[in-house]
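Visitor: Below you'll find the structure I mean.
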Amino acid sequence: MKQKDYRIALLNTWIEKSSQRRKVINWGVYVALSLAAILALIPLISVFSFVTFRGFSALDWDFFISLPKPVGEIGGGIANALVGTAILVGFGTLIGLPWGFGIGIYLSEYGASKRASAIRFTVDLLASIPSIVIGLFVYAAVVVPMKRFSAYAGGIALGILMVPTVARSTEEILKLVPIHIREAGLALGLPRWKVILRIIFRGSLGALITGVMLSVARVSGETAPLLFTALSNRFWSHRLDQPIASLPVQIYNYAISPYDDWHRQAWGAALVLIFFVLFLNLTTRWAMKKGTK
């Protein structure tokens, strides 16, 4: 009995030491992860605070409704750039969404074939291509034949950049749909395309919005492809086959200028762009939670 009690005491001691060690390790990992999260937030908070400090003074009602002033005159606004950015992003969305949704549906529903593997690799490769290369491609394929910069070329460039994000997010979201839902639709005698479009795709529409918003947030701040495609315009654009203003390009042009007032407006436009991207990301998080529910 004494030997048995001795073994029990040793076992209890070992369990107590092991529990203490796990608590120490757990606390250490928690502290390390907390520090990593704080370090990740420092650049974000620093950039946001600095841009807010430099650009908030430029924000007023006239800044949002006025056209840029001529060189040498103080004041003006970014109204044409805001409208131009909305046109370019909207046109790019019309191009990128059907293309991205189609690829994502194919990869999700027919992803076991060699052709699907090649398409998936191509989409991943497209996502890794620098945006300036996309701009050069659209410049050679669209701008040169048209012999002018245009909103069409800018929208096509942004649409191509949206495709990988929409395609991969669509694929992953549709894969979360249980297989028995597909089998139930087929058991009712529905063709497979109707099961995909009317049951699987429509049922996941809330979650699919997240991929759309993420892709829109990504292309909203692209500057390099627009320099080669849409160029810029200091006035209102009444035709899509002509150069058009955009917020990222206007920020770039104002930032490299020698005028202090333009620098101030560049910081203000950058603050507007940051708020827009932040709004899209918050909306994406909300849509993701709603789509999950």
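In the structure tokens, chains take letters A, B, ... by order of appearance, with residues numbered from 1 within each chain and ligands from 1 in the order shown.
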Range 97-108 of chain A: which residues within 12 Å, counting only C-alpha atoms, same-chain residues fewer than 4 positions away excluded, as a PyMOL selection string?
Guide: chain A and resi 89-93+112-124+126-127+156+158-177+179+193+195-197+200-202+204-205+208-209+211-216
Visitor: Where in range 48-108 of chain A does DSSP assign helix (DSSP H, G or I), given as a PyMOL selection string?
Guide: chain A and resi 48-58+61-65+79-108
Visitor: Which value, in Å to one decimal, gives the distance between CA of Phe228 in chain A and CA of Thr85 in chain A?
Guide: 15.2 Å
Visitor: Using only C-alpha atoms, which residues sit within 12 Å of His263 in chain A once same-chain residues fewer than 3 positions away are excluded, as a compact mmCIF listing (two decimals) with C-alpha atoms, in the first residue's frame?
Guide:
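Final output, selection.txt:
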# COMPACT_ATOMS: atom_id res chain seq x y z
CA VAL A 51 -2.79 60.91 -43.43
CA ARG A 54 -2.06 66.03 -43.12
CA GLY A 55 -5.25 65.74 -45.16
CA SER A 57 -7.51 70.41 -43.37
CA ALA A 58 -8.22 70.01 -47.11
CA ILE A 74 -5.31 78.03 -54.82
CA GLY A 75 -8.33 75.83 -54.12
CA GLN A 250 -4.80 62.70 -59.24
CA ILE A 251 -3.14 61.93 -55.91
CA TYR A 252 -0.01 60.87 -57.78
CA ASN A 253 0.04 63.98 -59.97
CA TYR A 254 -0.52 66.32 -57.04
CA ALA A 255 2.06 64.56 -54.86
CA ILE A 256 4.89 64.96 -57.40
CA SER A 257 4.01 68.59 -58.16
CA PRO A 258 6.04 71.52 -56.72
CA TYR A 259 2.95 73.32 -55.32
CA ASP A 260 2.15 73.23 -51.60
CA ALA A 266 -3.18 65.16 -52.38
CA TRP A 267 -3.25 64.36 -48.66
CA GLY A 268 -6.96 65.16 -48.57
CA ALA A 269 -7.69 62.91 -51.55
CA ALA A 270 -5.59 60.15 -49.95
Visitor: Quick one, how far is CA of Pro225 in chain A from CA of Gly154 in chain A?
Guide: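 Between CA of Pro225 in chain A and CA of Gly154 in chain A the gap is 7.2 Å.
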